[in-house]
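The next block is my_file_13.pdb, given as PDB, C-alpha atoms and all ligand atoms.
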ATOM      1  CA  MET A   1      31.602  24.297  18.501  1.00  0.00           C
ATOM      2  CA  LYS A   2      34.711  24.970  20.641  1.00  0.00           C
ATOM      3  CA  ALA A   3      36.005  23.301  23.757  1.00  0.00           C
ATOM      4  CA  LYS A   4      39.258  23.548  25.662  1.00  0.00           C
ATOM      5  CA  PHE A   5      41.281  20.534  26.801  1.00  0.00           C
ATOM      6  CA  ARG A   6      44.480  21.255  28.661  1.00  0.00           C
ATOM      7  CA  ASP A   7      45.982  24.042  26.546  1.00  0.00           C
ATOM      8  CA  THR A   8      44.440  22.859  23.273  1.00  0.00           C
ATOM      9  CA  LEU A   9      41.433  24.374  21.555  1.00  0.00           C
ATOM     10  CA  VAL A  10      39.375  21.479  20.162  1.00  0.00           C
ATOM     11  CA  THR A  11      36.776  22.532  17.619  1.00  0.00           C
ATOM     12  CA  ALA A  12      34.192  20.796  15.450  1.00  0.00           C
ATOM     13  CA  LEU A  13      32.764  22.378  12.339  1.00  0.00           C
ATOM     14  CA  LEU A  14      30.650  21.434   9.365  1.00  0.00           C
ATOM     15  CA  GLY A  15      32.674  22.003   6.219  1.00  0.00           C
ATOM     16  CA  ASP A  16      35.321  20.998   3.701  1.00  0.00           C
ATOM     17  CA  ILE A  17      38.699  19.960   5.087  1.00  0.00           C
ATOM     18  CA  THR A  18      40.509  20.896   1.874  1.00  0.00           C
ATOM     19  CA  VAL A  19      40.000  24.643   2.474  1.00  0.00           C
ATOM     20  CA  GLN A  20      41.004  24.748   6.135  1.00  0.00           C
ATOM     21  CA  ASP A  21      43.615  27.320   7.069  1.00  0.00           C
ATOM     22  CA  VAL A  22      45.649  25.131   9.425  1.00  0.00           C
ATOM     23  CA  ASP A  23      49.244  23.900   9.485  1.00  0.00           C
ATOM     24  CA  GLY A  24      48.194  20.378   8.512  1.00  0.00           C
ATOM     25  CA  ILE A  25      45.175  18.403   7.402  1.00  0.00           C
ATOM     26  CA  VAL A  26      44.735  14.671   7.790  1.00  0.00           C
ATOM     27  CA  ASN A  27      43.728  12.525   4.832  1.00  0.00           C
ATOM     28  CA  ALA A  28      41.730   9.291   5.153  1.00  0.00           C
ATOM     29  CA  ALA A  29      43.930   7.459   2.650  1.00  0.00           C
ATOM     30  CA  ASN A  30      43.988   3.849   1.467  1.00  0.00           C
ATOM     31  CA  SER A  31      46.817   1.419   2.172  1.00  0.00           C
ATOM     32  CA  ARG A  32      48.270   1.796  -1.332  1.00  0.00           C
ATOM     33  CA  LEU A  33      48.484   5.587  -0.821  1.00  0.00           C
ATOM     34  CA  ALA A  34      47.089   5.663  -4.331  1.00  0.00           C
ATOM     35  CA  GLY A  35      44.394   8.306  -4.035  1.00  0.00           C
ATOM     36  CA  GLY A  36      40.728   7.470  -4.290  1.00  0.00           C
ATOM     37  CA  GLY A  37      37.287   8.927  -3.716  1.00  0.00           C
ATOM     38  CA  GLY A  38      35.838  10.744  -0.744  1.00  0.00           C
ATOM     39  CA  VAL A  39      38.056  13.049   1.232  1.00  0.00           C
ATOM     40  CA  ASP A  40      41.193  11.511  -0.348  1.00  0.00           C
ATOM     41  CA  GLY A  41      40.028  12.469  -3.845  1.00  0.00           C
ATOM     42  CA  ALA A  42      39.056  15.960  -2.701  1.00  0.00           C
ATOM     43  CA  ILE A  43      42.489  16.574  -1.121  1.00  0.00           C
ATOM     44  CA  HIS A  44      44.403  15.456  -4.221  1.00  0.00           C
ATOM     45  CA  ALA A  45      42.074  17.424  -6.519  1.00  0.00           C
ATOM     46  CA  ARG A  46      42.603  20.680  -4.651  1.00  0.00           C
ATOM     47  CA  GLY A  47      46.202  20.052  -3.574  1.00  0.00           C
ATOM     48  CA  GLY A  48      47.452  19.189  -7.056  1.00  0.00           C
ATOM     49  CA  PRO A  49      49.954  16.583  -8.298  1.00  0.00           C
ATOM     50  CA  ALA A  50      52.825  17.523  -5.946  1.00  0.00           C
ATOM     51  CA  ILE A  51      51.199  15.503  -3.155  1.00  0.00           C
ATOM     52  CA  MET A  52      51.042  12.325  -5.243  1.00  0.00           C
ATOM     53  CA  ARG A  53      54.646  12.822  -6.374  1.00  0.00           C
ATOM     54  CA  GLU A  54      55.728  12.783  -2.727  1.00  0.00           C
ATOM     55  CA  LEU A  55      53.589   9.727  -2.070  1.00  0.00           C
ATOM     56  CA  ASP A  56      55.283   7.996  -5.029  1.00  0.00           C
ATOM     57  CA  VAL A  57      58.622   8.456  -3.254  1.00  0.00           C
ATOM     58  CA  ILE A  58      57.218   7.104   0.020  1.00  0.00           C
ATOM     59  CA  ARG A  59      55.668   4.146  -1.817  1.00  0.00           C
ATOM     60  CA  ALA A  60      58.980   3.350  -3.515  1.00  0.00           C
ATOM     61  CA  ARG A  61      60.662   3.363  -0.113  1.00  0.00           C
ATOM     62  CA  GLN A  62      58.189   1.501   2.080  1.00  0.00           C
ATOM     63  CA  GLY A  63      55.432   0.158  -0.147  1.00  0.00           C
ATOM     64  CA  GLY A  64      52.048   1.315   1.069  1.00  0.00           C
ATOM     65  CA  CYS A  65      50.898   2.208   4.552  1.00  0.00           C
ATOM     66  CA  PRO A  66      49.167  -0.320   6.810  1.00  0.00           C
ATOM     67  CA  ALA A  67      45.945   0.505   8.639  1.00  0.00           C
ATOM     68  CA  GLY A  68      46.579   2.565  11.763  1.00  0.00           C
ATOM     69  CA  GLN A  69      49.819   4.078  10.442  1.00  0.00           C
ATOM     70  CA  ALA A  70      50.445   7.503   8.913  1.00  0.00           C
ATOM     71  CA  VAL A  71      52.858   9.270   6.558  1.00  0.00           C
ATOM     72  CA  ILE A  72      53.368  12.981   5.899  1.00  0.00           C
ATOM     73  CA  THR A  73      53.752  15.030   2.715  1.00  0.00           C
ATOM     74  CA  GLY A  74      53.651  18.678   1.827  1.00  0.00           C
ATOM     75  CA  GLY A  75      50.317  20.310   1.107  1.00  0.00           C
ATOM     76  CA  GLY A  76      50.849  21.223  -2.553  1.00  0.00           C
ATOM     77  CA  ASN A  77      48.383  23.973  -3.489  1.00  0.00           C
ATOM     78  CA  LEU A  78      46.401  23.659  -0.258  1.00  0.00           C
ATOM     79  CA  ALA A  79      46.358  26.384   2.370  1.00  0.00           C
ATOM     80  CA  ALA A  80      47.685  23.723   4.775  1.00  0.00           C
ATOM     81  CA  ARG A  81      51.465  23.248   4.585  1.00  0.00           C
ATOM     82  CA  TYR A  82      51.276  19.514   5.288  1.00  0.00           C
ATOM     83  CA  VAL A  83      49.000  16.549   4.659  1.00  0.00           C
ATOM     84  CA  ILE A  84      49.181  13.586   6.999  1.00  0.00           C
ATOM     85  CA  HIS A  85      47.908  10.489   5.211  1.00  0.00           C
ATOM     86  CA  THR A  86      46.555   7.869   7.562  1.00  0.00           C
ATOM     87  CA  VAL A  87      44.814   4.607   6.729  1.00  0.00           C
ATOM     88  CA  GLY A  88      41.696   3.746   8.682  1.00  0.00           C
ATOM     89  CA  PRO A  89      40.412   0.214   9.166  1.00  0.00           C
ATOM     90  CA  VAL A  90      37.735  -1.139   6.846  1.00  0.00           C
ATOM     91  CA  TYR A  91      34.954  -1.713   9.358  1.00  0.00           C
ATOM     92  CA  GLY A  92      34.250  -5.351  10.111  1.00  0.00           C
ATOM     93  CA  GLY A  93      32.933  -5.330  13.684  1.00  0.00           C
ATOM     94  CA  ARG A  94      36.250  -6.727  14.918  1.00  0.00           C
ATOM     95  CA  PRO A  95      37.935  -5.842  18.240  1.00  0.00           C
ATOM     96  CA  SER A  96      40.888  -4.517  16.244  1.00  0.00           C
ATOM     97  CA  ASP A  97      38.709  -1.897  14.512  1.00  0.00           C
ATOM     98  CA  PRO A  98      38.650   0.651  17.353  1.00  0.00           C
ATOM     99  CA  GLU A  99      42.340  -0.012  18.107  1.00  0.00           C
ATOM    100  CA  LEU A 100      43.349   0.687  14.520  1.00  0.00           C
ATOM    101  CA  LEU A 101      41.067   3.707  14.290  1.00  0.00           C
ATOM    102  CA  ALA A 102      42.500   5.163  17.503  1.00  0.00           C
ATOM    103  CA  ALA A 103      46.025   4.510  16.183  1.00  0.00           C
ATOM    104  CA  CYS A 104      45.233   6.646  13.113  1.00  0.00           C
ATOM    105  CA  TYR A 105      44.536   9.647  15.315  1.00  0.00           C
ATOM    106  CA  THR A 106      47.434   8.989  17.721  1.00  0.00           C
ATOM    107  CA  ASN A 107      49.997   8.448  14.961  1.00  0.00           C
ATOM    108  CA  SER A 108      48.775  11.500  13.040  1.00  0.00           C
ATOM    109  CA  LEU A 109      49.191  13.654  16.136  1.00  0.00           C
ATOM    110  CA  ARG A 110      52.629  12.170  16.801  1.00  0.00           C
ATOM    111  CA  LEU A 111      53.766  13.049  13.257  1.00  0.00           C
ATOM    112  CA  ALA A 112      52.236  16.533  13.483  1.00  0.00           C
ATOM    113  CA  HIS A 113      53.896  17.238  16.804  1.00  0.00           C
ATOM    114  CA  GLY A 114      57.230  15.895  15.555  1.00  0.00           C
ATOM    115  CA  ARG A 115      57.129  18.298  12.578  1.00  0.00           C
ATOM    116  CA  GLY A 116      56.238  21.257  14.765  1.00  0.00           C
ATOM    117  CA  LEU A 117      52.682  21.729  13.488  1.00  0.00           C
ATOM    118  CA  ARG A 118      50.527  23.813  15.806  1.00  0.00           C
ATOM    119  CA  THR A 119      47.106  23.368  14.197  1.00  0.00           C
ATOM    120  CA  LEU A 120      45.727  20.176  12.677  1.00  0.00           C
ATOM    121  CA  ALA A 121      42.382  19.274  11.070  1.00  0.00           C
ATOM    122  CA  PHE A 122      40.935  15.762  11.013  1.00  0.00           C
ATOM    123  CA  PRO A 123      38.130  14.328   8.877  1.00  0.00           C
ATOM    124  CA  SER A 124      35.994  11.495  10.205  1.00  0.00           C
ATOM    125  CA  ILE A 125      38.331   8.622   9.288  1.00  0.00           C
ATOM    126  CA  SER A 126      36.822   5.304   8.088  1.00  0.00           C
ATOM    127  CA  THR A 127      33.186   6.438   8.261  1.00  0.00           C
ATOM    128  CA  GLY A 128      32.707   6.844   4.501  1.00  0.00           C
ATOM    129  CA  ALA A 129      33.701   4.115   2.056  1.00  0.00           C
ATOM    130  CA  TYR A 130      35.142   2.060   4.927  1.00  0.00           C
ATOM    131  CA  ARG A 131      31.659   1.963   6.587  1.00  0.00           C
ATOM    132  CA  TYR A 132      32.648   2.476  10.237  1.00  0.00           C
ATOM    133  CA  PRO A 133      29.395   3.644  11.907  1.00  0.00           C
ATOM    134  CA  ILE A 134      29.833   7.284  12.941  1.00  0.00           C
ATOM    135  CA  GLU A 135      28.178   6.669  16.330  1.00  0.00           C
ATOM    136  CA  ALA A 136      30.926   4.145  17.112  1.00  0.00           C
ATOM    137  CA  ALA A 137      33.795   5.967  15.410  1.00  0.00           C
ATOM    138  CA  ALA A 138      33.307   9.455  16.890  1.00  0.00           C
ATOM    139  CA  PRO A 139      33.893   8.493  20.556  1.00  0.00           C
ATOM    140  CA  VAL A 140      36.984   6.519  19.545  1.00  0.00           C
ATOM    141  CA  ALA A 141      38.316   9.471  17.557  1.00  0.00           C
ATOM    142  CA  ILE A 142      37.727  11.995  20.328  1.00  0.00           C
ATOM    143  CA  ALA A 143      39.119   9.769  23.088  1.00  0.00           C
ATOM    144  CA  ALA A 144      42.243   9.013  21.045  1.00  0.00           C
ATOM    145  CA  VAL A 145      42.875  12.685  20.291  1.00  0.00           C
ATOM    146  CA  LEU A 146      42.342  13.822  23.873  1.00  0.00           C
ATOM    147  CA  ALA A 147      44.662  11.100  25.196  1.00  0.00           C
ATOM    148  CA  ALA A 148      47.347  11.958  22.622  1.00  0.00           C
ATOM    149  CA  LEU A 149      47.328  15.654  23.549  1.00  0.00           C
ATOM    150  CA  ALA A 150      49.298  14.840  26.699  1.00  0.00           C
ATOM    151  CA  PRO A 151      52.394  13.551  24.865  1.00  0.00           C
ATOM    152  CA  TYR A 152      51.750  15.568  21.676  1.00  0.00           C
ATOM    153  CA  PRO A 153      50.226  18.924  22.621  1.00  0.00           C
ATOM    154  CA  LEU A 154      49.071  21.190  19.780  1.00  0.00           C
ATOM    155  CA  ALA A 155      47.428  24.610  19.882  1.00  0.00           C
ATOM    156  CA  GLU A 156      44.303  23.568  17.960  1.00  0.00           C
ATOM    157  CA  ILE A 157      42.646  20.371  16.778  1.00  0.00           C
ATOM    158  CA  ARG A 158      39.810  20.868  14.335  1.00  0.00           C
ATOM    159  CA  PHE A 159      37.352  18.075  13.496  1.00  0.00           C
ATOM    160  CA  VAL A 160      35.892  18.909  10.085  1.00  0.00           C
ATOM    161  CA  LEU A 161      32.645  17.040   9.500  1.00  0.00           C
ATOM    162  CA  HIS A 162      31.026  16.716   6.127  1.00  0.00           C
ATOM    163  CA  SER A 163      27.406  16.215   7.184  1.00  0.00           C
ATOM    164  CA  ALA A 164      25.110  17.886   9.695  1.00  0.00           C
ATOM    165  CA  GLY A 165      24.464  14.526  11.342  1.00  0.00           C
ATOM    166  CA  ASP A 166      28.190  13.884  11.873  1.00  0.00           C
ATOM    167  CA  TYR A 167      28.648  17.420  13.168  1.00  0.00           C
ATOM    168  CA  GLY A 168      25.819  16.927  15.679  1.00  0.00           C
ATOM    169  CA  ILE A 169      27.382  13.755  17.040  1.00  0.00           C
ATOM    170  CA  TYR A 170      30.820  15.356  17.458  1.00  0.00           C
ATOM    171  CA  SER A 171      29.377  18.508  19.046  1.00  0.00           C
ATOM    172  CA  ARG A 172      27.449  16.525  21.633  1.00  0.00           C
ATOM    173  CA  LEU A 173      30.466  14.406  22.550  1.00  0.00           C
ATOM    174  CA  LEU A 174      32.843  17.371  22.793  1.00  0.00           C
ATOM    175  CA  ALA A 175      30.381  19.382  24.854  1.00  0.00           C
ATOM    176  CA  ALA A 176      30.180  16.500  27.312  1.00  0.00           C
ATOM    177  CA  GLU A 177      33.982  16.233  27.566  1.00  0.00           C
ATOM    178  CA  GLY A 178      35.449  19.689  27.440  1.00  0.00           C
ATOM    179  CA  ARG A 179      35.456  23.078  29.013  1.00  0.00           C
ATOM    180  CA  LEU A 180      33.181  24.965  26.596  1.00  0.00           C
ATOM    181  CA  GLN A 181      34.514  28.230  25.170  1.00  0.00           C
TER     182      GLN A 181
HETATM  183  P1  LIG B 201      37.164   6.250   4.445  1.00  0.00           P
HETATM  184  O1  LIG B 201      37.572   5.442   3.251  1.00  0.00           O
HETATM  185  O2  LIG B 201      38.245   6.332   5.512  1.00  0.00           O
HETATM  186  O3  LIG B 201      35.833   5.823   4.998  1.00  0.00           O
HETATM  187  P2  LIG B 201      35.956   8.537   3.057  1.00  0.00           P
HETATM  188  O4  LIG B 201      36.664   9.655   2.365  1.00  0.00           O
HETATM  189  O5  LIG B 201      35.141   7.619   2.226  1.00  0.00           O
HETATM  190  O6  LIG B 201      37.082   7.765   3.900  1.00  0.00           O
HETATM  191  O7  LIG B 201      35.022   9.154   4.182  1.00  0.00           O
HETATM  192  C1  LIG B 201      35.502   9.657   5.400  1.00  0.00           C
HETATM  193  C2  LIG B 201      34.658  10.857   5.801  1.00  0.00           C
HETATM  194  O8  LIG B 201      35.113  12.006   5.091  1.00  0.00           O
HETATM  195  C3  LIG B 201      33.169  10.728   5.471  1.00  0.00           C
HETATM  196  O9  LIG B 201      32.420  11.142   6.603  1.00  0.00           O
HETATM  197  C4  LIG B 201      32.987  11.711   4.335  1.00  0.00           C
HETATM  198  O10 LIG B 201      31.698  12.271   4.347  1.00  0.00           O
HETATM  199  C5  LIG B 201      33.998  12.760   4.693  1.00  0.00           C
HETATM  200  N1  LIG B 201      34.408  13.688   3.631  1.00  0.00           N
HETATM  201  C6  LIG B 201      34.343  13.543   2.292  1.00  0.00           C
HETATM  202  N2  LIG B 201      34.818  14.642   1.664  1.00  0.00           N
HETATM  203  C7  LIG B 201      35.201  15.514   2.650  1.00  0.00           C
HETATM  204  C8  LIG B 201      35.746  16.838   2.672  1.00  0.00           C
HETATM  205  N3  LIG B 201      36.033  17.494   1.524  1.00  0.00           N
HETATM  206  N4  LIG B 201      35.993  17.418   3.877  1.00  0.00           N
HETATM  207  C9  LIG B 201      35.738  16.766   5.029  1.00  0.00           C
HETATM  208  N5  LIG B 201      35.217  15.524   5.077  1.00  0.00           N
HETATM  209  C10 LIG B 201      34.948  14.903   3.904  1.00  0.00           C
END
Can the structure in the file be given as structure tokens, please?
Ligand code: ADP
Amino acid sequence: MKAKFRDTLVTALLGDITVQDVDGIVNAANSRLAGGGGVDGAIHARGGPAIMRELDVIRARQGGCPAGQAVITGGGNLAARYVIHTVGPVYGGRPSDPELLAACYTNSLRLAHGRGLRTLAFPSISTGAYRYPIEAAAPVAIAAVLAALAPYPLAEIRFVLHSAGDYGIYSRLLAAEGRLQ
């Protein structure tokens, strides 16, 4: 599924973010930057120990990473040159949940743009172990990315969904928003 927003190609696909051939992939990390299950575990498993070594340095400098914020490391053995680690909110039905979730996407794009990345892949942040309902999270994610493309334009944003249901939700929303390719 491909749509065009301003000068950015925004795509959604069903797949594995760890094998994407893009400049950077985004990790749904935890606030200790300690690695874990889900997409975080998959990224460290394929990327190798160099990513955690860089996170150790960041942790020594600033402690962990609060929800809504993001840090950047190299991509280790991944095809992607960079990994942006952002921490989604643990869903609690609070008004701050969508704000923090949107901040994950905005801050990831800001970091990517600042480092000169042209292509960036996002997973569906917070909708796994952190239990944010996908129907609520997907519109927040897409709106945050589209708004952030004005200050932080990239050539391509790729939403990589891990289930057919998630992919269907993203495809419908993007088709309603964008100029279809
Ligand atoms: P969180 O703790 O932020 O909820 P999770 O990793 O538990 O993060 O889940 C976030 C989303 O990432 C879920 O939709 C999950 O299915 C998905 N996911 C898990 N592994 C991968 C992968 N290899 N590529 C893309 N998405 C993945």
>> Which residues, named as in the file, does the PyMOL selection byres (((chain A and resi 117-133) around 6) and not hetatm) pick out? Answer as a PyMOL selection string.
In response: chain A and resi 22-26+28+88+90-91+112-113+115-116+134-136+154-160
> Between CA of Gly76 (chain A) and CA of Gly48 (chain A), what is the spacing in Å?
Replying inline: 6.0 Å
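When the distance limit is 9 Å and all atoms listed in the file are what count, the residues near Arg46 (chain A), minus those fewer than 5 positions from it on the same chain, are Thr18, Val19, Gly41, Gly76, Asn77 and Leu78 of chain A.
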Selection near Asp56 (chain A), 12 Å with all atoms listed in the file, sequence-local residues under 3 positions removed, as an mmCIF file with C-alpha atoms, keeping the file's coordinate frame:
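part32.cif written:
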data_model
loop_
_atom_site.group_PDB
_atom_site.id
_atom_site.type_symbol
_atom_site.label_atom_id
_atom_site.label_comp_id
_atom_site.auth_asym_id
_atom_site.auth_seq_id
_atom_site.Cartn_x
_atom_site.Cartn_y
_atom_site.Cartn_z
ATOM 1 C CA ARG A 32 48.270 1.796 -1.332
ATOM 2 C CA LEU A 33 48.484 5.587 -0.821
ATOM 3 C CA ALA A 34 47.089 5.663 -4.331
ATOM 4 C CA GLY A 35 44.394 8.306 -4.035
ATOM 5 C CA PRO A 49 49.954 16.583 -8.298
ATOM 6 C CA ALA A 50 52.825 17.523 -5.946
ATOM 7 C CA ILE A 51 51.199 15.503 -3.155
ATOM 8 C CA MET A 52 51.042 12.325 -5.243
ATOM 9 C CA ARG A 53 54.646 12.822 -6.374
ATOM 10 C CA ARG A 59 55.668 4.146 -1.817
ATOM 11 C CA ALA A 60 58.980 3.350 -3.515
ATOM 12 C CA ARG A 61 60.662 3.363 -0.113
ATOM 13 C CA GLN A 62 58.189 1.501 2.080
ATOM 14 C CA GLY A 63 55.432 0.158 -0.147
ATOM 15 C CA GLY A 64 52.048 1.315 1.069
ATOM 16 C CA VAL A 71 52.858 9.270 6.558
ATOM 17 C CA THR A 73 53.752 15.030 2.715
#
>> For a quick check of understanding, using all atoms listed in the file, which of A:Ile142, A:Ile58, A:Leu101, A:Leu161 has the smallest distance to ligand LIG 201 (chain B)?
In response: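 Counting all atoms listed in the file, the residue closest to ligand LIG 201 (chain B) is A:Leu161.
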Box dimensions and centre (Å, one decimal) enclosing region 51-64 of chain A, axis-aligned, 6 Å extra per side, as lines of an AutoDock Vina configuration file:
center_x = 55.9
center_y = 7.8
center_z = -2.1
size_x = 21.6
size_y = 27.3
size_z = 20.5
>> What does the structure give for the distance between atom C2 of ligand LIG 201 (chain B) and CA of Val39 (chain A), in Å to one decimal?
In response: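 These atoms are spaced 6.1 Å apart.
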> Of the candidates A:Thr8, A:Asn107, A:Asn27, A:Ser96, which shows the shortest atom-to-atom distance to Ile84 (chain A), using only C-alpha atoms?
Replying inline: A:Asn27
> If you apply the PyMOL selection byres (((chain A and resi 144-146) around 12) and not hetatm) to this file, what residues do you get, as JSON, numbers by chain?
Replying inline: {"A": [3, 4, 5, 6, 7, 8, 9, 10, 11, 98, 99, 100, 101, 102, 103, 104, 105, 106, 107, 108, 109, 110, 120, 121, 122, 137, 138, 139, 140, 141, 142, 143, 147, 148, 149, 150, 151, 152, 153, 154, 156, 157, 158, 159, 173, 174, 177, 178]}
> How many Å separate atom C3 of ligand LIG 201 (chain B) from CA of Gly114 (chain A)?
Replying inline: 26.6 Å
> Using only C-alpha atoms, what residues lie at most 6 Å away from (47.2, 6.9, 2.6) (file coordinates), given as a ChimeraX atom specification?
Replying inline: /A:29-31,33,85-87
Could you pull the residues within 7 Å of Tyr167 (chain A), counting all atoms listed in the file, minus those fewer than 6 positions along the same chain, as a compact mmCIF listing (two decimals) with C-alpha atoms, in the frame of the given file?
# COMPACT_ATOMS: atom_id res chain seq x y z
CA ALA A 12 34.19 20.80 15.45
CA LEU A 13 32.76 22.38 12.34
CA LEU A 14 30.65 21.43 9.36
CA LEU A 161 32.65 17.04 9.50
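The shortest atom-to-atom distance to ligand LIG 201 (chain B), with only C-alpha atoms and all ligand atoms taken into account, belongs to A:Pro89 out of A:Pro89, A:Gly75, A:Pro95, A:Pro66.
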>> Please determine, counting only C-alpha atoms and all ligand atoms, which residue among A:Ile169, A:Gly37, A:Gln20, A:Lys2 has the shortest atom-to-atom distance to ligand LIG 201 (chain B).
In response: A:Gly37
With the input short on atoms, add N, CA and C atoms back to region 74-97 of chain A and write it as an mmCIF file, in the frame of the given file.
data_model
loop_
_atom_site.group_PDB
_atom_site.id
_atom_site.type_symbol
_atom_site.label_atom_id
_atom_site.label_comp_id
_atom_site.auth_asym_id
_atom_site.auth_seq_id
_atom_site.Cartn_x
_atom_site.Cartn_y
_atom_site.Cartn_z
ATOM 1 N N GLY A 74 54.014 17.278 1.914
ATOM 2 C CA GLY A 74 53.651 18.678 1.827
ATOM 3 C C GLY A 74 52.204 18.832 1.382
ATOM 4 N N GLY A 75 51.719 20.052 1.412
ATOM 5 C CA GLY A 75 50.317 20.310 1.107
ATOM 6 C C GLY A 75 50.054 20.760 -0.324
ATOM 7 N N GLY A 76 51.082 20.793 -1.169
ATOM 8 C CA GLY A 76 50.849 21.223 -2.553
ATOM 9 C C GLY A 76 50.190 22.591 -2.593
ATOM 10 N N ASN A 77 49.094 22.692 -3.331
ATOM 11 C CA ASN A 77 48.383 23.973 -3.489
ATOM 12 C C ASN A 77 47.408 24.288 -2.360
ATOM 13 N N LEU A 78 47.344 23.421 -1.364
ATOM 14 C CA LEU A 78 46.401 23.659 -0.258
ATOM 15 C C LEU A 78 46.880 24.820 0.609
ATOM 16 N N ALA A 79 45.961 25.386 1.373
ATOM 17 C CA ALA A 79 46.358 26.384 2.370
ATOM 18 C C ALA A 79 47.212 25.713 3.453
ATOM 19 N N ALA A 80 46.911 24.475 3.776
ATOM 20 C CA ALA A 80 47.685 23.723 4.775
ATOM 21 C C ALA A 80 49.067 23.397 4.216
ATOM 22 N N ARG A 81 50.090 23.515 5.046
ATOM 23 C CA ARG A 81 51.465 23.248 4.585
ATOM 24 C C ARG A 81 51.750 21.762 4.479
ATOM 25 N N TYR A 82 51.019 20.959 5.266
ATOM 26 C CA TYR A 82 51.276 19.514 5.288
ATOM 27 C C TYR A 82 49.974 18.734 5.166
ATOM 28 N N VAL A 83 50.093 17.529 4.605
ATOM 29 C CA VAL A 83 49.000 16.549 4.659
ATOM 30 C C VAL A 83 49.541 15.292 5.331
ATOM 31 N N ILE A 84 48.846 14.853 6.352
ATOM 32 C CA ILE A 84 49.181 13.586 6.999
ATOM 33 C C ILE A 84 48.197 12.552 6.482
ATOM 34 N N HIS A 85 48.740 11.516 5.825
ATOM 35 C CA HIS A 85 47.908 10.489 5.211
ATOM 36 C C HIS A 85 47.863 9.299 6.153
ATOM 37 N N THR A 86 46.688 9.012 6.664
ATOM 38 C CA THR A 86 46.555 7.869 7.562
ATOM 39 C C THR A 86 45.525 6.907 6.989
ATOM 40 N N VAL A 87 45.661 5.642 7.327
ATOM 41 C CA VAL A 87 44.814 4.607 6.729
ATOM 42 C C VAL A 87 43.927 4.015 7.810
ATOM 43 N N GLY A 88 42.650 4.280 7.715
ATOM 44 C CA GLY A 88 41.696 3.746 8.682
ATOM 45 C C GLY A 88 41.391 2.283 8.402
ATOM 46 N N PRO A 89 40.831 1.600 9.394
ATOM 47 C CA PRO A 89 40.412 0.214 9.166
ATOM 48 C C PRO A 89 39.128 0.173 8.338
ATOM 49 N N VAL A 90 39.019 -0.844 7.485
ATOM 50 C CA VAL A 90 37.735 -1.139 6.846
ATOM 51 C C VAL A 90 36.886 -1.812 7.912
ATOM 52 N N TYR A 91 35.733 -1.230 8.215
ATOM 53 C CA TYR A 91 34.954 -1.713 9.358
ATOM 54 C C TYR A 91 34.471 -3.146 9.138
ATOM 55 N N GLY A 92 34.711 -3.973 10.188
ATOM 56 C CA GLY A 92 34.250 -5.351 10.111
ATOM 57 C C GLY A 92 33.661 -5.825 11.427
ATOM 58 N N GLY A 93 33.464 -4.922 12.385
ATOM 59 C CA GLY A 93 32.933 -5.330 13.684
ATOM 60 C C GLY A 93 33.934 -6.126 14.504
ATOM 61 N N ARG A 94 35.200 -5.986 14.199
ATOM 62 C CA ARG A 94 36.250 -6.727 14.918
ATOM 63 C C ARG A 94 36.798 -5.910 16.084
ATOM 64 N N PRO A 95 37.338 -6.584 17.120
ATOM 65 C CA PRO A 95 37.935 -5.842 18.240
ATOM 66 C C PRO A 95 39.093 -4.949 17.798
ATOM 67 N N SER A 96 39.761 -5.328 16.711
ATOM 68 C CA SER A 96 40.888 -4.517 16.244
ATOM 69 C C SER A 96 40.432 -3.216 15.588
ATOM 70 N N ASP A 97 39.157 -3.100 15.217
ATOM 71 C CA ASP A 97 38.709 -1.897 14.512
ATOM 72 C C ASP A 97 38.934 -0.629 15.333
#
